[in-house]
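Q: Once you've had a glance at the structure underneath, I'll fire off some questions.
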2 protein chains.
Amino acid sequence: MVKIKQVAIVGGTHGNELTGAYLVNKFANSPHLIQRQSFTTMTMLANPQAFKLVRRYVEKDLNRCFINDDLQNTNLKTIEEKRAKEINHILGPKGHSKVDFILDLHSTSANMGLSIILVNQELFNLRVAAYLSAIEPSVKIYSWTEPGQENSFLNSLCDRGFSIEVGPVAPGSLNATIFQKTEQLIYQMLDYLDADNQGNSGTGTNTINIYEHLRVVDYPKNSVGEIEAMIHPQLQGRDYEPLNPGDPMFITFDGQTIFYEGKDTVYPLFINEVAYYEKGIAMCLTQKKIMKINY
Amino acid sequence: MVKIKQVAIVGGTHGNELTGAYLVNKFANSPHLIQRQSFTTMTMLANPQAFKLVRRYVEKDLNRCFINDDLQNTNLKTIEEKRAKEINHILGPKGHSKVDFILDLHSTSANMGLSIILVNQELFNLRVAAYLSAIEPSVKIYSWTEPGQENSFLNSLCDRGFSIEVGPVAPGSLNATIFQKTEQLIYQMLDYLDADNQGNSGTGTNTINIYEHLRVVDYPKNSVGEIEAMIHPQLQGRDYEPLNPGDPMFITFDGQTIFYEGKDTVYPLFINEVAYYEKGIAMCLTQKKIMKINY
């Protein structure tokens, strides 16, 4: 049986995602909130320089810096590449981490509600996710893995763990309702890990929807790379809802609708996420997989 | 009778407020959309360097740089202080502007809907605002003037004109519904100015609510200046609604409610606006004044 001895709760991996940063700050000041009988929990503000500037990052997106080769490459010297090496030293090394579970806290301007973002489909993670979505049915599960590609997220340092992604909340701001729901979900997760460690988590079965990453879609752009259309009003805010062939997807500045031309029904996530404009991502398309998980 | 010969539509005064920047870009590419029989309309992307970085500003908030003394002061050399001087040269000089009407386009993460922000209460501006709120009842009017204090907004270059402030939309993103509503309101305004110029705007009377600025309220902070509370869930998104003595205003990270302790009912605006965290503004409190305006 898996034993969790050390949990890490990380916030501020993106410096303008204040929900996680302020929760980590609260936990650091009141550590009893996150300690449990069978394990200890540490906190980390992952990108303090970006947090101070209230920016996602200073030089490079920290949450894309955890590729093994990059962590070994001493020529990579941006603020975030150096910080990734420090974090790898504290929590990692990647693949042989000192901690047994990493919870990384994120927020988004998209209508993602309370989402769990998996970077692998380890049964342990699926069990925790299944439990959380059983007791809090609004919790959604997004599996963001790309076959044959190493994951570059902070979470990839440790096989066990995932991100909690909450929204909509504008970057650089706090929303009290979302803050409190996230906090509640963290306590429920810690309680479950604790009970599971002690062999008395009870048993249950939950049939969960896993939204598996297919591909990203960029905004329509002109020949010099300028955006030519916006998310269509009928799609805005409809994260996790089906997008069928022929459904409106974008609308140009002149009011022309651009339709989804795929052949299969997909489920768009991170629709209109602010930070993804520069990455060329208007949304992530996923497929829904139904799994029965015993927790 | 006032004759408008030259209108200026300004966007991107804040570089991450994309609604205005993309509308100005659209109008620049299709000038016939904003020309009218009796006047010409120019466009301006006010802070192109900040727009390129998708930041509110590079060094200093441009929309606080239009104080007369500052415009004359050649020692002030930040990017925005220099740009303000250029804009003053193109549209101004302040108090004797070359243009007859300035429309400055802004967006906000707060739930401000379609707001007109006045920097003075010139009858001409009140008439245009009264007309627009008559044909589009969701339009709200906020008069942000502080007695005895010179206004520092770009709009202050010209007595005639105002801002249109739209939200909620996260900085750095576009919302198609808000984009289209703003565009429509601009056309309605230009049509009115044109008809008025030609003496055939018709006549009407509208009883309007003017929300007059009283004061700003900061977030509760500790002794080292860190935020200790968030906007209370019961106040979040309730811009333009009454806040009565004893109503919940903030909630601390520990869940303690902080109540509004003023003696009079007020109307909070710009609640939880992202860009105002650094300015020490959690919201602007206003009083509601009812005025009957013939347009």
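Residue numbers start at 1 in each chain; chains themselves are named A, B, ... in the order of the structure tokens; ligands are numbered from 1 in the order shown.
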Taking the DSSP secondary structure from the backbone, can you list the residues of range 29-276 of chain B that are strand (DSSP E), as a ChimeraX atom specification?
A: /B:40-45,101-107,113-118,140-143,161-167,205-217,229-231,248-252,257-259,267-269
Q: Residues near Glu228 in chain B, anyone? I mean within 7 Å using only C-alpha atoms, not counting same-chain ones fewer than 6 positions away, as JSON, numbers by chain.
A: {"B": [220, 221, 222, 252, 253]}
Q: Show me, as a list in words, the residues that have an atom within 12 Å of Ile79 in chain A when counting only C-alpha atoms, minus same-chain residues fewer than 5 positions from it.
A: Ala46, Asn47, Pro48, Gln49, Ala50, Tyr57, Val58, Glu59, Lys60, Asp61, Leu62, Cys65, Ala84, Lys85 and Glu86 of chain A
Q: Taking N, CA and C atoms for each residue, export the selection above as a tab-separated table (two decimals), in the first residue's frame.
A:
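That gives us out_30.tsv:
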chain	number	residue	atom	x	y	z
A	46	ALA	N	6.10	29.19	-5.12
A	46	ALA	CA	7.06	28.70	-6.12
A	46	ALA	C	7.80	29.81	-6.86
A	47	ASN	N	7.11	30.90	-7.17
A	47	ASN	CA	7.78	31.96	-7.93
A	47	ASN	C	7.62	33.31	-7.23
A	48	PRO	N	8.37	33.51	-6.14
A	48	PRO	CA	8.18	34.74	-5.35
A	48	PRO	C	8.48	36.02	-6.13
A	49	GLN	N	9.42	35.96	-7.07
A	49	GLN	CA	9.72	37.19	-7.83
A	49	GLN	C	8.55	37.57	-8.74
A	50	ALA	N	7.93	36.59	-9.36
A	50	ALA	CA	6.77	36.87	-10.21
A	50	ALA	C	5.58	37.31	-9.35
A	57	TYR	N	4.95	35.27	-14.88
A	57	TYR	CA	6.36	34.92	-14.75
A	57	TYR	C	7.19	36.15	-15.03
A	58	VAL	N	8.47	36.07	-14.73
A	58	VAL	CA	9.36	37.21	-15.02
A	58	VAL	C	9.95	37.06	-16.41
A	59	GLU	N	10.58	35.91	-16.67
A	59	GLU	CA	11.23	35.72	-17.97
A	59	GLU	C	10.65	34.55	-18.78
A	60	LYS	N	10.20	33.54	-18.08
A	60	LYS	CA	9.73	32.33	-18.77
A	60	LYS	C	8.72	31.62	-17.88
A	61	ASP	N	7.73	31.00	-18.48
A	61	ASP	CA	6.69	30.32	-17.71
A	61	ASP	C	7.31	29.20	-16.87
A	62	LEU	N	7.32	29.38	-15.54
A	62	LEU	CA	7.94	28.39	-14.65
A	62	LEU	C	7.32	27.01	-14.82
A	65	CYS	N	9.07	24.51	-17.16
A	65	CYS	CA	10.53	24.42	-16.97
A	65	CYS	C	11.00	23.10	-16.37
A	84	ALA	N	13.46	26.68	-11.20
A	84	ALA	CA	13.05	25.28	-11.41
A	84	ALA	C	14.10	24.33	-10.86
A	85	LYS	N	15.37	24.67	-11.06
A	85	LYS	CA	16.44	23.82	-10.51
A	85	LYS	C	16.40	23.81	-8.99
A	86	GLU	N	16.15	24.97	-8.37
A	86	GLU	CA	16.03	25.02	-6.91
A	86	GLU	C	14.86	24.16	-6.43
Q: Between B:Asn75, B:Ile186, B:Gly12, B:Pro31, single out the one closest to Leu53 in chain B, counting only C-alpha atoms.
A: B:Gly12
Q: Mind giving me the straight-line distance from CA of Pro171 in chain A to CA of Gly15 in chain B in Å, one decimal?
A: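 Separation between CA of Pro171 in chain A and CA of Gly15 in chain B: 15.3 Å.
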